[in-house]
$ cat coords.cif   # mmCIF, C-alpha atoms
data_upload
#
loop_
_atom_site.group_PDB
_atom_site.id
_atom_site.type_symbol
_atom_site.label_atom_id
_atom_site.label_comp_id
_atom_site.auth_asym_id
_atom_site.auth_seq_id
_atom_site.Cartn_x
_atom_site.Cartn_y
_atom_site.Cartn_z
ATOM 1 C CA THR A 254 -29.415 -56.523 -60.660
ATOM 2 C CA LEU A 255 -28.901 -57.671 -57.076
ATOM 3 C CA ASP A 256 -31.514 -60.442 -57.108
ATOM 4 C CA GLY A 257 -29.961 -62.769 -59.681
ATOM 5 C CA SER A 258 -32.379 -61.774 -62.434
ATOM 6 C CA ASP A 259 -31.369 -60.689 -65.939
ATOM 7 C CA PRO A 260 -30.949 -56.906 -66.361
ATOM 8 C CA ARG A 261 -32.376 -57.306 -69.864
ATOM 9 C CA GLN A 262 -36.016 -58.144 -70.447
ATOM 10 C CA GLU A 263 -37.047 -60.530 -73.223
ATOM 11 C CA ASP A 264 -38.201 -57.581 -75.340
ATOM 12 C CA GLY A 265 -34.732 -56.003 -75.096
ATOM 13 C CA ASN A 266 -35.671 -53.269 -72.654
ATOM 14 C CA ILE A 267 -34.018 -52.681 -69.299
ATOM 15 C CA ALA A 268 -35.565 -54.757 -66.496
ATOM 16 C CA PRO A 269 -37.365 -52.752 -63.757
ATOM 17 C CA SER A 270 -35.133 -54.350 -61.088
ATOM 18 C CA ALA A 271 -31.892 -53.300 -62.847
ATOM 19 C CA ASN A 272 -29.646 -50.551 -61.464
ATOM 20 C CA ALA A 273 -27.722 -48.246 -63.793
ATOM 21 C CA TYR A 274 -24.122 -48.356 -62.674
ATOM 22 C CA ARG A 275 -22.800 -44.845 -62.089
ATOM 23 C CA THR A 276 -21.093 -45.216 -58.705
ATOM 24 C CA PRO A 277 -20.171 -48.267 -56.613
ATOM 25 C CA ILE A 278 -23.264 -50.073 -55.355
ATOM 26 C CA PRO A 279 -23.201 -50.913 -51.617
ATOM 27 C CA ILE A 280 -23.611 -54.615 -50.793
ATOM 28 C CA THR A 281 -25.138 -55.185 -47.335
ATOM 29 C CA ARG A 282 -26.321 -58.786 -47.677
ATOM 30 C CA ASN A 283 -25.411 -61.935 -49.587
ATOM 31 C CA VAL A 284 -26.356 -61.354 -53.234
ATOM 32 C CA ARG A 285 -25.883 -62.751 -56.724
ATOM 33 C CA VAL A 286 -25.083 -59.814 -58.974
ATOM 34 C CA LYS A 287 -25.826 -59.979 -62.707
ATOM 35 C CA ALA A 288 -24.582 -57.295 -65.045
ATOM 36 C CA ARG A 289 -24.716 -56.445 -68.758
ATOM 37 C CA GLY A 290 -23.374 -53.541 -70.729
ATOM 38 C CA LYS A 291 -25.764 -51.660 -73.042
ATOM 39 C CA ARG A 292 -24.951 -49.293 -75.870
ATOM 40 C CA GLY A 293 -27.947 -48.214 -77.858
ATOM 41 C CA ASP A 294 -29.908 -51.373 -78.581
ATOM 42 C CA VAL A 295 -26.860 -53.635 -78.242
ATOM 43 C CA TRP A 296 -26.378 -55.657 -75.038
ATOM 44 C CA SER A 297 -23.241 -57.442 -73.852
ATOM 45 C CA ARG A 298 -23.223 -60.977 -72.515
ATOM 46 C CA THR A 299 -24.156 -61.540 -68.870
ATOM 47 C CA GLN A 300 -21.484 -61.385 -66.190
ATOM 48 C CA GLU A 301 -22.349 -62.553 -62.681
ATOM 49 C CA GLY A 302 -20.834 -63.180 -59.294
ATOM 50 C CA VAL A 303 -21.784 -64.119 -55.722
ATOM 51 C CA PHE A 304 -20.915 -61.626 -53.007
ATOM 52 C CA VAL A 305 -20.966 -63.012 -49.458
ATOM 53 C CA VAL A 306 -21.281 -60.657 -46.509
ATOM 54 C CA THR A 307 -22.107 -63.327 -43.918
ATOM 55 C CA MET A 308 -21.898 -67.093 -44.452
ATOM 56 C CA PRO A 309 -25.042 -68.939 -43.308
ATOM 57 C CA PRO A 310 -24.202 -70.523 -39.908
ATOM 58 C CA LEU A 311 -24.987 -74.049 -41.075
ATOM 59 C CA VAL A 312 -22.542 -76.982 -41.115
ATOM 60 C CA ILE A 313 -22.658 -80.685 -41.917
ATOM 61 C CA THR A 314 -22.039 -82.642 -38.723
ATOM 62 C CA GLU A 315 -22.695 -86.300 -39.577
ATOM 63 C CA ILE A 316 -22.749 -88.500 -42.686
ATOM 64 C CA LEU A 317 -23.959 -92.105 -42.789
ATOM 65 C CA PHE A 318 -22.879 -93.329 -46.215
ATOM 66 C CA MET A 319 -22.644 -97.086 -45.509
ATOM 67 C CA PRO A 320 -25.503 -97.978 -43.111
ATOM 68 C CA PRO A 321 -25.884 -101.348 -41.395
ATOM 69 C CA PRO A 322 -27.825 -103.657 -43.723
ATOM 70 C CA PRO A 323 -31.569 -104.149 -43.178
ATOM 71 C CA PRO A 324 -32.812 -107.364 -41.547
ATOM 72 C CA ASP A 325 -33.788 -110.330 -43.672
ATOM 73 C CA GLY A 326 -37.156 -109.839 -45.305
ATOM 74 C CA SER A 327 -37.001 -106.041 -45.155
ATOM 75 C CA PRO A 328 -38.502 -104.247 -48.159
ATOM 76 C CA PHE A 329 -35.699 -101.672 -47.962
ATOM 77 C CA ARG A 330 -32.176 -101.586 -49.363
ATOM 78 C CA THR A 331 -29.075 -100.730 -47.333
ATOM 79 C CA ALA A 332 -28.778 -97.352 -49.082
ATOM 80 C CA ASP A 333 -32.309 -96.420 -47.965
ATOM 81 C CA PHE A 334 -30.996 -95.839 -44.423
ATOM 82 C CA GLU A 335 -28.465 -93.163 -45.397
ATOM 83 C CA PHE A 336 -28.694 -89.723 -43.813
ATOM 84 C CA ILE A 337 -26.887 -86.399 -43.563
ATOM 85 C CA GLU A 338 -27.089 -84.319 -40.402
ATOM 86 C CA VAL A 339 -26.685 -80.532 -40.372
ATOM 87 C CA LYS A 340 -26.495 -78.075 -37.479
ATOM 88 C CA ASN A 341 -27.287 -74.408 -37.032
ATOM 89 C CA ILE A 342 -24.176 -73.160 -35.205
ATOM 90 C CA GLY A 343 -25.628 -69.672 -34.840
ATOM 91 C CA SER A 344 -27.376 -68.123 -31.857
ATOM 92 C CA ALA A 345 -30.519 -67.203 -33.813
ATOM 93 C CA GLU A 346 -33.100 -69.076 -35.867
ATOM 94 C CA LEU A 347 -31.895 -69.831 -39.374
ATOM 95 C CA ASP A 348 -34.117 -69.535 -42.437
ATOM 96 C CA LEU A 349 -33.424 -72.605 -44.590
ATOM 97 C CA THR A 350 -35.187 -71.252 -47.674
ATOM 98 C CA GLY A 351 -33.011 -71.688 -50.727
ATOM 99 C CA ILE A 352 -30.231 -73.645 -49.015
ATOM 100 C CA HIS A 353 -29.582 -76.711 -51.134
ATOM 101 C CA PHE A 354 -27.294 -79.659 -51.893
ATOM 102 C CA VAL A 355 -26.055 -79.679 -55.479
ATOM 103 C CA GLU A 356 -23.365 -82.399 -55.396
ATOM 104 C CA GLY A 357 -23.266 -85.802 -53.725
ATOM 105 C CA VAL A 358 -27.005 -85.683 -53.149
ATOM 106 C CA ILE A 359 -29.675 -83.302 -54.432
ATOM 107 C CA CYS A 360 -32.099 -81.623 -52.042
ATOM 108 C CA GLU A 361 -33.434 -78.239 -50.982
ATOM 109 C CA LEU A 362 -33.475 -78.080 -47.199
ATOM 110 C CA SER A 363 -36.771 -76.212 -47.013
ATOM 111 C CA SER A 364 -38.570 -78.579 -49.410
ATOM 112 C CA GLY A 365 -40.360 -80.267 -46.495
ATOM 113 C CA SER A 366 -42.507 -78.782 -43.771
ATOM 114 C CA VAL A 367 -39.556 -77.284 -41.864
ATOM 115 C CA THR A 368 -38.268 -73.921 -43.069
ATOM 116 C CA MET A 369 -36.588 -72.638 -39.891
ATOM 117 C CA LEU A 370 -33.894 -74.289 -37.767
ATOM 118 C CA GLY A 371 -33.439 -73.141 -34.181
ATOM 119 C CA PRO A 372 -30.151 -71.965 -32.667
ATOM 120 C CA TRP A 373 -27.670 -74.811 -32.064
ATOM 121 C CA ALA A 374 -30.285 -77.237 -33.405
ATOM 122 C CA TYR A 375 -29.750 -80.297 -35.609
ATOM 123 C CA GLY A 376 -31.660 -81.162 -38.757
ATOM 124 C CA VAL A 377 -31.586 -84.463 -40.642
ATOM 125 C CA LEU A 378 -31.926 -85.172 -44.356
ATOM 126 C CA VAL A 379 -32.685 -88.779 -45.212
ATOM 127 C CA LYS A 380 -32.599 -90.963 -48.278
ATOM 128 C CA ASN A 381 -35.880 -92.753 -47.501
ATOM 129 C CA LEU A 382 -38.068 -91.511 -44.651
ATOM 130 C CA ARG A 383 -40.090 -94.740 -44.419
ATOM 131 C CA ALA A 384 -36.926 -96.804 -44.051
ATOM 132 C CA PHE A 385 -35.375 -94.300 -41.640
ATOM 133 C CA SER A 386 -38.462 -94.398 -39.413
ATOM 134 C CA THR A 387 -38.214 -98.177 -38.997
ATOM 135 C CA ARG A 388 -34.704 -97.891 -37.538
ATOM 136 C CA TYR A 389 -34.702 -94.610 -35.600
ATOM 137 C CA ASP A 390 -37.094 -92.972 -33.162
ATOM 138 C CA THR A 391 -38.139 -89.857 -35.054
ATOM 139 C CA ASP A 392 -40.008 -88.279 -32.122
ATOM 140 C CA GLY A 393 -38.312 -84.969 -31.398
ATOM 141 C CA LEU A 394 -36.082 -85.155 -34.480
ATOM 142 C CA THR A 395 -36.169 -82.373 -37.064
ATOM 143 C CA ILE A 396 -36.481 -84.163 -40.401
ATOM 144 C CA LEU A 397 -35.804 -81.623 -43.128
ATOM 145 C CA GLY A 398 -36.713 -83.838 -46.043
ATOM 146 C CA GLN A 399 -35.604 -86.574 -48.420
ATOM 147 C CA TYR A 400 -32.803 -86.259 -50.933
ATOM 148 C CA THR A 401 -32.304 -87.860 -54.315
ATOM 149 C CA GLY A 402 -29.155 -89.720 -55.259
ATOM 150 C CA ASN A 403 -27.012 -91.987 -53.089
ATOM 151 C CA LEU A 404 -23.869 -91.351 -51.067
ATOM 152 C CA ALA A 405 -21.092 -93.323 -52.755
ATOM 153 C CA GLU A 406 -19.523 -96.132 -50.716
ATOM 154 C CA SER A 407 -16.177 -95.089 -52.180
ATOM 155 C CA GLY A 408 -16.478 -91.531 -50.841
ATOM 156 C CA GLU A 409 -17.391 -88.477 -52.859
ATOM 157 C CA ARG A 410 -17.713 -84.722 -53.127
ATOM 158 C CA ILE A 411 -20.400 -82.964 -51.106
ATOM 159 C CA VAL A 412 -21.490 -79.441 -52.070
ATOM 160 C CA LEU A 413 -23.956 -77.401 -50.008
ATOM 161 C CA GLU A 414 -24.877 -73.903 -51.161
ATOM 162 C CA GLY A 415 -26.830 -70.998 -49.729
ATOM 163 C CA PRO A 416 -29.797 -69.244 -51.391
ATOM 164 C CA VAL A 417 -27.644 -67.194 -53.784
ATOM 165 C CA GLY A 418 -24.993 -69.871 -54.254
ATOM 166 C CA GLU A 419 -22.876 -69.156 -51.165
ATOM 167 C CA PRO A 420 -20.321 -71.996 -50.849
ATOM 168 C CA ILE A 421 -21.349 -73.287 -47.415
ATOM 169 C CA HIS A 422 -19.534 -76.613 -47.927
ATOM 170 C CA ASP A 423 -17.500 -78.095 -50.759
ATOM 171 C CA PHE A 424 -15.392 -81.087 -49.727
ATOM 172 C CA TRP A 425 -14.621 -84.739 -50.390
ATOM 173 C CA PHE A 426 -15.089 -87.374 -47.687
ATOM 174 C CA GLY A 427 -13.022 -90.555 -47.779
ATOM 175 C CA SER A 428 -14.565 -93.976 -47.378
ATOM 176 C CA ILE A 429 -11.273 -95.451 -46.110
ATOM 177 C CA TRP A 430 -10.662 -92.836 -43.431
ATOM 178 C CA TYR A 431 -11.974 -95.192 -40.747
ATOM 179 C CA PRO A 432 -12.513 -98.946 -41.281
ATOM 180 C CA GLU A 433 -15.597 -99.110 -39.077
ATOM 181 C CA THR A 434 -17.520 -96.744 -41.356
ATOM 182 C CA LEU A 435 -17.213 -99.307 -44.151
ATOM 183 C CA THR A 436 -17.482 -102.578 -42.260
ATOM 184 C CA ASP A 437 -19.496 -101.894 -39.098
ATOM 185 C CA GLY A 438 -22.074 -99.311 -40.211
ATOM 186 C CA HIS A 439 -20.705 -96.367 -38.239
ATOM 187 C CA SER A 440 -21.260 -92.837 -39.499
ATOM 188 C CA LEU A 441 -18.696 -90.068 -39.915
ATOM 189 C CA VAL A 442 -19.073 -87.409 -37.196
ATOM 190 C CA VAL A 443 -17.322 -84.050 -37.402
ATOM 191 C CA VAL A 444 -14.920 -83.521 -34.485
ATOM 192 C CA ASP A 445 -15.329 -79.751 -34.065
ATOM 193 C CA ASP A 446 -18.268 -78.016 -35.740
ATOM 194 C CA SER A 447 -16.628 -74.617 -35.160
ATOM 195 C CA SER A 448 -13.549 -75.469 -37.244
ATOM 196 C CA PRO A 449 -12.791 -73.593 -40.486
ATOM 197 C CA ARG A 450 -14.964 -74.968 -43.266
ATOM 198 C CA GLU A 451 -11.982 -75.882 -45.417
ATOM 199 C CA SER A 452 -11.037 -78.510 -42.805
ATOM 200 C CA TRP A 453 -14.112 -80.656 -43.584
ATOM 201 C CA GLY A 454 -12.171 -82.431 -46.337
ATOM 202 C CA ARG A 455 -9.501 -83.744 -43.946
ATOM 203 C CA ARG A 456 -9.586 -87.138 -42.249
ATOM 204 C CA GLU A 457 -8.577 -85.733 -38.858
ATOM 205 C CA SER A 458 -11.651 -83.487 -38.836
ATOM 206 C CA TRP A 459 -13.889 -86.564 -38.585
ATOM 207 C CA ARG A 460 -14.234 -89.639 -36.382
ATOM 208 C CA PRO A 461 -16.442 -92.730 -36.376
ATOM 209 C CA SER A 462 -19.738 -92.508 -34.508
ATOM 210 C CA LYS A 463 -20.047 -94.089 -31.093
ATOM 211 C CA LEU A 464 -22.485 -96.736 -32.294
ATOM 212 C CA PRO A 465 -23.310 -98.396 -35.616
ATOM 213 C CA GLY A 466 -26.018 -96.405 -37.366
ATOM 214 C CA GLY A 467 -24.823 -93.113 -35.902
ATOM 215 C CA SER A 468 -26.896 -90.630 -33.906
ATOM 216 C CA PRO A 469 -29.025 -88.608 -36.335
ATOM 217 C CA GLY A 470 -30.371 -85.387 -34.858
ATOM 218 C CA LEU A 471 -28.475 -85.853 -31.603
ATOM 219 C CA ALA A 472 -25.033 -85.024 -30.278
ATOM 220 C CA ASP A 473 -22.589 -87.951 -30.470
ATOM 221 C CA ASP A 474 -20.210 -88.106 -27.482
ATOM 222 C CA GLY A 475 -17.600 -90.052 -29.420
ATOM 223 C CA GLU A 476 -16.928 -92.664 -26.767
ATOM 224 C CA LEU A 477 -17.005 -96.283 -27.834
ATOM 225 C CA SER A 478 -19.498 -98.665 -26.299
ATOM 226 C CA PRO A 479 -18.317 -100.577 -23.231
ATOM 227 C CA GLY A 480 -16.077 -103.445 -24.247
ATOM 228 C CA ARG A 481 -15.702 -102.164 -27.815
ATOM 229 C CA GLN A 482 -12.314 -101.472 -29.353
ATOM 230 C CA ARG A 483 -11.514 -99.562 -32.523
ATOM 231 C CA PRO A 484 -10.359 -101.963 -35.260
ATOM 232 C CA GLY A 485 -6.547 -101.928 -35.389
ATOM 233 C CA ASP A 486 -6.172 -100.045 -32.082
ATOM 234 C CA TYR A 487 -3.727 -102.546 -30.568
ATOM 235 C CA ASN A 488 -2.843 -100.538 -27.447
ATOM 236 C CA GLN A 489 -6.432 -99.294 -26.971
ATOM 237 C CA ASP A 490 -5.475 -95.633 -26.715
ATOM 238 C CA GLY A 491 -8.392 -94.586 -28.926
ATOM 239 C CA ARG A 492 -6.138 -93.687 -31.863
ATOM 240 C CA LEU A 493 -4.891 -95.477 -34.962
ATOM 241 C CA ASN A 494 -1.215 -94.723 -35.589
ATOM 242 C CA ILE A 495 2.220 -96.211 -36.316
ATOM 243 C CA THR A 496 2.536 -97.577 -32.768
ATOM 244 C CA ASP A 497 -0.405 -99.909 -33.334
ATOM 245 C CA ALA A 498 1.096 -101.143 -36.597
ATOM 246 C CA ILE A 499 4.516 -101.876 -35.099
ATOM 247 C CA ASN A 500 2.990 -103.643 -32.082
ATOM 248 C CA LEU A 501 0.899 -105.813 -34.376
ATOM 249 C CA LEU A 502 3.932 -106.657 -36.491
ATOM 250 C CA GLU A 503 5.911 -107.628 -33.393
ATOM 251 C CA LEU A 504 3.024 -109.820 -32.284
ATOM 252 C CA ILE A 505 3.043 -111.595 -35.652
ATOM 253 C CA MET A 506 6.807 -111.851 -36.170
ATOM 254 C CA GLY A 507 8.116 -112.114 -32.621
ATOM 255 C CA THR A 508 10.362 -109.735 -30.662
ATOM 256 C CA GLY A 509 13.078 -109.457 -33.294
ATOM 257 C CA ASP A 510 15.625 -111.034 -30.927
ATOM 258 C CA PRO A 511 16.721 -114.459 -32.288
ATOM 259 C CA SER A 512 17.842 -115.504 -28.800
ATOM 260 C CA LYS A 513 14.236 -115.146 -27.620
ATOM 261 C CA GLY A 514 12.712 -116.970 -30.528
ATOM 262 C CA GLY A 515 12.085 -113.880 -32.618
ATOM 263 C CA GLN A 516 13.213 -113.050 -36.134
ATOM 264 C CA GLU A 517 15.532 -110.297 -37.278
ATOM 265 C CA VAL A 518 13.464 -108.439 -39.832
ATOM 266 C CA LYS A 519 13.357 -104.959 -41.319
ATOM 267 C CA ILE A 520 10.129 -103.007 -40.898
ATOM 268 C CA ALA A 521 10.266 -102.018 -44.582
ATOM 269 C CA ASP A 522 10.435 -105.704 -45.568
ATOM 270 C CA LEU A 523 7.516 -106.533 -43.322
ATOM 271 C CA LEU A 524 5.405 -103.720 -44.670
ATOM 272 C CA ASP A 525 6.139 -104.711 -48.238
ATOM 273 C CA GLY A 526 5.324 -108.310 -47.453
ATOM 274 C CA TYR A 527 2.009 -107.355 -45.933
ATOM 275 C CA GLY A 528 1.060 -105.130 -48.874
ATOM 276 C CA ALA A 529 1.454 -101.829 -47.089
ATOM 277 C CA THR A 530 3.568 -98.709 -47.321
ATOM 278 C CA LEU A 531 5.013 -96.562 -44.558
ATOM 279 C CA ASP A 532 3.889 -92.963 -44.920
ATOM 280 C CA LYS A 533 6.029 -90.165 -43.551
ATOM 281 C CA GLU A 534 4.569 -87.352 -41.495
ATOM 282 C CA CYS A 535 2.617 -85.002 -43.735
ATOM 283 C CA PRO A 536 4.606 -81.776 -44.197
ATOM 284 C CA GLY A 537 2.760 -78.647 -43.210
ATOM 285 C CA GLN A 538 0.142 -80.542 -41.206
ATOM 286 C CA PRO A 539 1.209 -80.560 -37.535
ATOM 287 C CA GLY A 540 -0.213 -83.414 -35.524
ATOM 288 C CA VAL A 541 -0.600 -85.774 -38.467
ATOM 289 C CA GLU A 542 1.376 -88.823 -37.427
ATOM 290 C CA ALA A 543 3.127 -91.340 -39.616
ATOM 291 C CA ALA A 544 0.781 -94.204 -40.390
ATOM 292 C CA VAL A 545 0.712 -97.540 -42.095
ATOM 293 C CA ARG A 546 -1.703 -97.492 -45.000
ATOM 294 C CA THR A 547 -2.843 -100.550 -46.925
ATOM 295 C CA LYS A 548 -2.043 -100.442 -50.632
#

$ encode --input "coords.cif" --output "structure tokens"
Amino acid sequence: TLDGSDPRQEDGNIAPSANAYRTPIPITRNVRVKARGKRGDVWSRTQEGVFVVTMPPLVITEILFMPPPPPDGSPFRTADFEFIEVKNIGSAELDLTGIHFVEGVICELSSGSVTMLGPWAYGVLVKNLRAFSTRYDTDGLTILGQYTGNLAESGERIVLEGPVGEPIHDFWFGSIWYPETLTDGHSLVVVDDSSPRESWGRRESWRPSKLPGGSPGLADDGELSPGRQRPGDYNQDGRLNITDAINLLELIMGTGDPSKGGQEVKIADLLDGYGATLDKECPGQPGVEAAVRTK
């Protein structure tokens, strides 16, 4: 069968939707194929597989896993303000029927009143719509529905599948990729939504949102608010790298020249003393700079 149903009926007869395999069967759309062998009245076990002709043009573009806490007296918990933003990166309307999260959170995208997502449009899935509506202006936003489960503060695996089980996304996000997503309530925003899907599990494919609380349902320009500096960005170049770490160490320990009041120290000793290790450039990943990482 090409619709995911069992080729064998409960009474042991061949299902009406089953195709007898005599020659190769053309596949022109995404399908879940189920097959059994039959000899006389004896059936084999089921074998199945997903065949993908075209991947649904849907990607995850923003994740708020550690929202800013609610104000005193609020009836909501911090986790109630979580959300996941998705985007149709195709040039035509996308039917959301059957697209679903199966890991990290659980939700079918068409479970609400919205079943179609326009070209280049954003949709938002929320943990608690009542809580979300007290913090964000929902006018003009496409709210796809509410999910069950919570996004782990320690980071976790996210799996999004298409109607027949197409692997739209399967990646882990890291809670320690950017300090401000843990301490300041910023969301993770994907840098380039046209990147290969396997890149979603890499730190460099994400950045912190411009503002705490993120920008659900809207494009995030990635610039920090006026007067705001990324934590640890000593030279304010918008990046966190080894240069920031060395400059901070020099600020703490002096210039390293005893004649100018500094101390002669080895970087390795400093790093060990401050509970950190010096990572080398990642082989096979151009552009990934050496960085100081807290143990």

$ resolve_selection --input "coords.cif" --expression "the PyMOL selection byres ((chain A and resi 394-406) around 9)" --output "PDB file with C-alpha atoms, keeping the file's coordinate frame"
ATOM      1  CA  ILE A 316     -22.749 -88.500 -42.686  1.00  0.00           C
ATOM      2  CA  LEU A 317     -23.959 -92.105 -42.789  1.00  0.00           C
ATOM      3  CA  PHE A 318     -22.879 -93.329 -46.215  1.00  0.00           C
ATOM      4  CA  MET A 319     -22.644 -97.086 -45.509  1.00  0.00           C
ATOM      5  CA  ALA A 332     -28.778 -97.352 -49.082  1.00  0.00           C
ATOM      6  CA  ASP A 333     -32.309 -96.420 -47.965  1.00  0.00           C
ATOM      7  CA  GLU A 335     -28.465 -93.163 -45.397  1.00  0.00           C
ATOM      8  CA  PHE A 336     -28.694 -89.723 -43.813  1.00  0.00           C
ATOM      9  CA  PHE A 354     -27.294 -79.659 -51.893  1.00  0.00           C
ATOM     10  CA  GLY A 357     -23.266 -85.802 -53.725  1.00  0.00           C
ATOM     11  CA  VAL A 358     -27.005 -85.683 -53.149  1.00  0.00           C
ATOM     12  CA  ILE A 359     -29.675 -83.302 -54.432  1.00  0.00           C
ATOM     13  CA  CYS A 360     -32.099 -81.623 -52.042  1.00  0.00           C
ATOM     14  CA  GLU A 361     -33.434 -78.239 -50.982  1.00  0.00           C
ATOM     15  CA  LEU A 362     -33.475 -78.080 -47.199  1.00  0.00           C
ATOM     16  CA  SER A 363     -36.771 -76.212 -47.013  1.00  0.00           C
ATOM     17  CA  SER A 364     -38.570 -78.579 -49.410  1.00  0.00           C
ATOM     18  CA  GLY A 365     -40.360 -80.267 -46.495  1.00  0.00           C
ATOM     19  CA  SER A 366     -42.507 -78.782 -43.771  1.00  0.00           C
ATOM     20  CA  VAL A 367     -39.556 -77.284 -41.864  1.00  0.00           C
ATOM     21  CA  THR A 368     -38.268 -73.921 -43.069  1.00  0.00           C
ATOM     22  CA  LEU A 370     -33.894 -74.289 -37.767  1.00  0.00           C
ATOM     23  CA  ALA A 374     -30.285 -77.237 -33.405  1.00  0.00           C
ATOM     24  CA  TYR A 375     -29.750 -80.297 -35.609  1.00  0.00           C
ATOM     25  CA  GLY A 376     -31.660 -81.162 -38.757  1.00  0.00           C
ATOM     26  CA  VAL A 377     -31.586 -84.463 -40.642  1.00  0.00           C
ATOM     27  CA  LEU A 378     -31.926 -85.172 -44.356  1.00  0.00           C
ATOM     28  CA  VAL A 379     -32.685 -88.779 -45.212  1.00  0.00           C
ATOM     29  CA  LYS A 380     -32.599 -90.963 -48.278  1.00  0.00           C
ATOM     30  CA  ASN A 381     -35.880 -92.753 -47.501  1.00  0.00           C
ATOM     31  CA  LEU A 382     -38.068 -91.511 -44.651  1.00  0.00           C
ATOM     32  CA  ASP A 390     -37.094 -92.972 -33.162  1.00  0.00           C
ATOM     33  CA  THR A 391     -38.139 -89.857 -35.054  1.00  0.00           C
ATOM     34  CA  ASP A 392     -40.008 -88.279 -32.122  1.00  0.00           C
ATOM     35  CA  GLY A 393     -38.312 -84.969 -31.398  1.00  0.00           C
ATOM     36  CA  SER A 407     -16.177 -95.089 -52.180  1.00  0.00           C
ATOM     37  CA  GLY A 408     -16.478 -91.531 -50.841  1.00  0.00           C
ATOM     38  CA  GLU A 409     -17.391 -88.477 -52.859  1.00  0.00           C
ATOM     39  CA  SER A 428     -14.565 -93.976 -47.378  1.00  0.00           C
ATOM     40  CA  LEU A 435     -17.213 -99.307 -44.151  1.00  0.00           C
ATOM     41  CA  PRO A 469     -29.025 -88.608 -36.335  1.00  0.00           C
ATOM     42  CA  GLY A 470     -30.371 -85.387 -34.858  1.00  0.00           C
ATOM     43  CA  LEU A 471     -28.475 -85.853 -31.603  1.00  0.00           C
TER      44      LEU A 471
END

$ resolve_selection --input "coords.cif" --expression "the PyMOL selection byres ((chain A and resi 263-274) around 12)" --output "PyMOL selection string"
chain A and resi 254-262+275-279+286-297

$ closest_residue --input "coords.cif" --among "A:Pro420, A:Pro328, A:Arg410, A:Arg285" --to "Leu311 in chain A" --atoms "only C-alpha atoms"
A:Pro420

$ atom_distance --input "coords.cif" --atom1 "CA of Gly343 in chain A" --atom2 "CA of Thr307 in chain A"
11.6 Å

$ atom_distance --input "coords.cif" --atom1 "CA of Trp430 in chain A" --atom2 "CA of Leu413 in chain A"
21.4 Å

$ atom_distance --input "coords.cif" --atom1 "CA of Val306 in chain A" --atom2 "CA of Val417 in chain A"
11.7 Å

$ axis_aligned_box --input "coords.cif" --around "range 282-298 of chain A" --padding-each-side "6 Å" --output "lines of an AutoDock Vina configuration file"
center_x = -26.6
center_y = -55.5
center_z = -63.1
size_x = 18.7
size_y = 26.5
size_z = 42.9

$ resolve_selection --input "coords.cif" --expression "the PyMOL selection byres ((chain A and resi 303) around 6)" --output "ChimeraX atom specification"
/A:284-285,302,304

$ closest_residue --input "coords.cif" --among "A:Asp325, A:Glu301, A:Glu356, A:Asp445" --to "Ile411 in chain A" --atoms "all atoms listed in the file"
A:Glu356

$ residues_around --input "coords.cif" --residues "Asp474 in chain A" --least-positions-apart "2" --cutoff "12 Å" --atoms "only C-alpha atoms" --output "PyMOL selection string"
chain A and resi 442-445+460-464+467-468+471-472+476-478

$ residues_around --input "coords.cif" --residues "Pro323 in chain A" --least-positions-apart "4" --cutoff "10 Å" --atoms "all atoms listed in the file" --output "VMD selection string"
chain A and resid 327 to 334 384 387 to 388

$ closest_residue --input "coords.cif" --among "A:Thr299, A:His353, A:Arg450, A:Pro310" --to "Val412 in chain A" --atoms "only C-alpha atoms"
A:His353
